[in-house]
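For reference, model.pdb is printed below; it contains PDB, C-alpha atoms.
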ATOM      1  CA  MET A 329      20.536   8.235 -20.176
ATOM      2  CA  VAL A 330      17.845   5.846 -18.937
ATOM      3  CA  SER A 331      15.256   6.259 -16.214
ATOM      4  CA  GLN A 332      12.389   4.452 -14.539
ATOM      5  CA  LYS A 333       9.787   5.427 -11.956
ATOM      6  CA  ILE A 334       9.341   3.117  -8.997
ATOM      7  CA  THR A 335       7.348   3.133  -5.753
ATOM      8  CA  VAL A 336       9.334   2.549  -2.555
ATOM      9  CA  LYS A 337       7.819  -0.441  -0.768
ATOM     10  CA  ASN A 338       9.944  -0.988   2.328
ATOM     11  CA  MET A 339       8.082  -0.028   5.512
ATOM     12  CA  THR A 340      10.546   2.556   6.783
ATOM     13  CA  GLY A 341      11.570   4.233   3.530
ATOM     14  CA  PHE A 342      15.209   5.178   2.925
ATOM     15  CA  HIS A 343      16.657   5.342   6.433
ATOM     16  CA  LEU A 344      20.335   4.578   7.141
ATOM     17  CA  ARG A 345      20.445   0.812   6.473
ATOM     18  CA  PRO A 346      18.613   0.750   3.119
ATOM     19  CA  ALA A 347      20.357   3.984   2.062
ATOM     20  CA  GLY A 348      23.707   2.288   2.713
ATOM     21  CA  ILE A 349      22.675  -0.775   0.707
ATOM     22  CA  LEU A 350      21.502   1.413  -2.182
ATOM     23  CA  CYS A 351      24.799   3.327  -2.176
ATOM     24  CA  LYS A 352      26.867   0.147  -2.068
ATOM     25  CA  ILE A 353      25.010  -1.184  -5.126
ATOM     26  CA  ALA A 354      25.237   2.130  -7.022
ATOM     27  CA  MET A 355      28.996   2.387  -6.411
ATOM     28  CA  ASN A 356      29.507  -0.824  -8.416
ATOM     29  CA  TYR A 357      28.735   1.132 -11.602
ATOM     30  CA  LYS A 358      30.693   3.719 -13.531
ATOM     31  CA  SER A 359      27.495   5.474 -14.567
ATOM     32  CA  LYS A 360      26.081   8.442 -12.712
ATOM     33  CA  VAL A 361      23.225   7.041 -10.608
ATOM     34  CA  GLN A 362      20.644   9.456  -9.207
ATOM     35  CA  PHE A 363      17.018   9.532  -8.258
ATOM     36  CA  GLN A 364      14.496  12.321  -8.286
ATOM     37  CA  PHE A 365      11.886  12.775  -5.582
ATOM     38  CA  ASN A 366       9.650  15.850  -5.457
ATOM     39  CA  SER A 367      12.044  18.696  -6.272
ATOM     40  CA  VAL A 368      15.139  16.871  -4.969
ATOM     41  CA  THR A 369      17.750  15.118  -7.094
ATOM     42  CA  ALA A 370      19.772  12.726  -4.937
ATOM     43  CA  ASN A 371      23.100  11.103  -5.756
ATOM     44  CA  ALA A 372      22.530   7.381  -5.148
ATOM     45  CA  LYS A 373      26.263   6.957  -4.449
ATOM     46  CA  SER A 374      26.066   9.241  -1.383
ATOM     47  CA  VAL A 375      24.385   8.036   1.814
ATOM     48  CA  LEU A 376      23.859  11.633   2.980
ATOM     49  CA  SER A 377      22.264  12.591  -0.327
ATOM     50  CA  VAL A 378      19.919   9.569  -0.201
ATOM     51  CA  LEU A 379      18.959  10.285   3.421
ATOM     52  CA  GLY A 380      18.497  13.983   2.657
ATOM     53  CA  ALA A 381      15.845  13.211   0.050
ATOM     54  CA  GLY A 382      13.470  12.063   2.815
ATOM     55  CA  VAL A 383      11.936   9.174   0.861
ATOM     56  CA  LYS A 384       9.270   7.268   2.790
ATOM     57  CA  ASN A 385       7.172   4.153   2.229
ATOM     58  CA  GLY A 386       4.806   4.602  -0.728
ATOM     59  CA  ASP A 387       6.731   7.497  -2.285
ATOM     60  CA  GLU A 388       7.398   7.371  -6.019
ATOM     61  CA  ILE A 389      10.929   8.134  -7.166
ATOM     62  CA  GLU A 390      12.491   8.233 -10.608
ATOM     63  CA  VAL A 391      15.841   6.464 -10.876
ATOM     64  CA  VAL A 392      18.105   8.018 -13.526
ATOM     65  CA  CYS A 393      21.322   6.397 -14.767
ATOM     66  CA  ASP A 394      23.724   7.954 -17.247
ATOM     67  CA  GLY A 395      26.949   6.393 -18.481
ATOM     68  CA  VAL A 396      28.631   3.381 -20.040
ATOM     69  CA  ASP A 397      26.807   0.767 -17.921
ATOM     70  CA  GLU A 398      23.532   2.692 -17.458
ATOM     71  CA  GLU A 399      21.174  -0.115 -18.552
ATOM     72  CA  GLU A 400      22.652  -2.656 -16.146
ATOM     73  CA  ALA A 401      22.829  -0.075 -13.341
ATOM     74  CA  LEU A 402      19.162   0.877 -13.753
ATOM     75  CA  LYS A 403      18.027  -2.745 -13.860
ATOM     76  CA  THR A 404      19.976  -3.657 -10.705
ATOM     77  CA  ILE A 405      18.970  -0.545  -8.723
ATOM     78  CA  VAL A 406      15.269  -0.949  -9.588
ATOM     79  CA  LYS A 407      15.363  -4.636  -8.645
ATOM     80  CA  ALA A 408      17.020  -3.810  -5.305
ATOM     81  CA  ILE A 409      14.444  -1.125  -4.481
ATOM     82  CA  GLU A 410      11.582  -3.432  -5.478
ATOM     83  CA  SER A 411      12.979  -6.109  -3.137
ATOM     84  CA  GLY A 412      12.939  -3.625  -0.223
ATOM     85  CA  LEU A 413      16.713  -3.077   0.133
ATOM     86  CA  GLY A 414      16.927  -5.725   2.859
ATOM     87  CA  GLU A 415      13.933  -4.372   4.803
ATOM     88  CA  GLU A 416      10.364  -5.538   5.341
ATOM     89  CA  GLN A 417       7.870  -4.497   2.704
ATOM     90  CA  GLU A 418       4.188  -3.655   2.981
TER      91      GLU A 418
END

Translate the structure described by the file into structure tokens.
Amino acid sequence: MVSQKITVKNMTGFHLRPAGILCKIAMNYKSKVQFQFNSVTANAKSVLSVLGAGVKNGDEIEVVCDGVDEEEALKTIVKAIESGLGEEQE
């Protein structure tokens, strides 16, 4: 299991479009891909789970990957979040 904390930088947080992009990326991996925010653990492969976490601009989340391709999954997910998931950043 690997994890990394990251601050969400896109202006609108994880609304439908970036949540969908995050899920699409996460589904490319066999590993379990989740993130933790406050007391919520969200499945990054589920749009509803990502939306339900209520992540906004400036919030810090911890991405957690566990499985055969966990290192690559973590690296790709973190890079996508850092790039704003297709949205404007601050």

Exercise. Quick one: which residues end up in the PyMOL selection byres ((chain A and resi 413) around 12) for this structure, as a PyMOL selection string?
Worked result: chain A and resi 336-353+404-412+414-417

Output file for the selection above: C-alpha atoms, as a PDB file, keeping the file's coordinate frame:
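Saved as part-v8.pdb:
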ATOM      1  CA  VAL A 336       9.334   2.549  -2.555  1.00  0.00           C
ATOM      2  CA  LYS A 337       7.819  -0.441  -0.768  1.00  0.00           C
ATOM      3  CA  ASN A 338       9.944  -0.988   2.328  1.00  0.00           C
ATOM      4  CA  MET A 339       8.082  -0.028   5.512  1.00  0.00           C
ATOM      5  CA  THR A 340      10.546   2.556   6.783  1.00  0.00           C
ATOM      6  CA  GLY A 341      11.570   4.233   3.530  1.00  0.00           C
ATOM      7  CA  PHE A 342      15.209   5.178   2.925  1.00  0.00           C
ATOM      8  CA  HIS A 343      16.657   5.342   6.433  1.00  0.00           C
ATOM      9  CA  LEU A 344      20.335   4.578   7.141  1.00  0.00           C
ATOM     10  CA  ARG A 345      20.445   0.812   6.473  1.00  0.00           C
ATOM     11  CA  PRO A 346      18.613   0.750   3.119  1.00  0.00           C
ATOM     12  CA  ALA A 347      20.357   3.984   2.062  1.00  0.00           C
ATOM     13  CA  GLY A 348      23.707   2.288   2.713  1.00  0.00           C
ATOM     14  CA  ILE A 349      22.675  -0.775   0.707  1.00  0.00           C
ATOM     15  CA  LEU A 350      21.502   1.413  -2.182  1.00  0.00           C
ATOM     16  CA  CYS A 351      24.799   3.327  -2.176  1.00  0.00           C
ATOM     17  CA  LYS A 352      26.867   0.147  -2.068  1.00  0.00           C
ATOM     18  CA  ILE A 353      25.010  -1.184  -5.126  1.00  0.00           C
ATOM     19  CA  THR A 404      19.976  -3.657 -10.705  1.00  0.00           C
ATOM     20  CA  ILE A 405      18.970  -0.545  -8.723  1.00  0.00           C
ATOM     21  CA  VAL A 406      15.269  -0.949  -9.588  1.00  0.00           C
ATOM     22  CA  LYS A 407      15.363  -4.636  -8.645  1.00  0.00           C
ATOM     23  CA  ALA A 408      17.020  -3.810  -5.305  1.00  0.00           C
ATOM     24  CA  ILE A 409      14.444  -1.125  -4.481  1.00  0.00           C
ATOM     25  CA  GLU A 410      11.582  -3.432  -5.478  1.00  0.00           C
ATOM     26  CA  SER A 411      12.979  -6.109  -3.137  1.00  0.00           C
ATOM     27  CA  GLY A 412      12.939  -3.625  -0.223  1.00  0.00           C
ATOM     28  CA  GLY A 414      16.927  -5.725   2.859  1.00  0.00           C
ATOM     29  CA  GLU A 415      13.933  -4.372   4.803  1.00  0.00           C
ATOM     30  CA  GLU A 416      10.364  -5.538   5.341  1.00  0.00           C
ATOM     31  CA  GLN A 417       7.870  -4.497   2.704  1.00  0.00           C
TER      32      GLN A 417
END

Exercise. Skipping near chain neighbours, those fewer than 3 positions away, what residues fall within 7 Å of Tyr357 in chain A using only C-alpha atoms, listed as a VMD selection string?
Worked result: chain A and resid 354 397 401

Exercise. So what does the PyMOL selection byres ((chain A and resi 368) around 10) actually pick up in this one, as a PyMOL selection string?
Worked result: chain A and resi 363-367+369-371+377-378+380-382+389

Problem set entry | Given all atoms listed in the file as the counted atoms, nearest of A:Gly395, A:Leu379, A:Asp387, A:Ser331 to Ser359 in chain A |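 Using all atoms listed in the file, the shortest distance to Ser359 in chain A belongs to A:Gly395.
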
For this session: Go ahead and compute the interatomic distance for CA of Ile334 in chain A and CA of Glu400 in chain A, in Å to one decimal.
Result: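 The value is 16.2 Å.
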
Exercise. Given the choices A:Val391, A:Met355, A:Leu402, A:Val396, which gets closest to Ser374 in chain A if the distance is worked out from only C-alpha atoms?
Worked result: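 The shortest atom-to-atom distance to Ser374 in chain A comes from A:Met355.
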
Exercise. Could you state the separation of CA of Glu390 in chain A and CA of Lys358 in chain A in Å, given to one decimal place?
Worked result: 19.0 Å

Could you put an axis-aligned box around every listed atom of range 362-374 of chain A, padded by 3 Å on each side, and send me its centre and edge lengths in Å to one decimal, as lines of an AutoDock Vina configuration file?
center_x = 18.0
center_y = 12.8
center_z = -5.3
size_x = 22.6
size_y = 17.7
size_z = 13.8

Problem set entry | Coordinates-based distance that separates CA of Ala372 in chain A from CA of Val392 in chain A (Å, one decimal) |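 These two atoms are separated by 9.5 Å.
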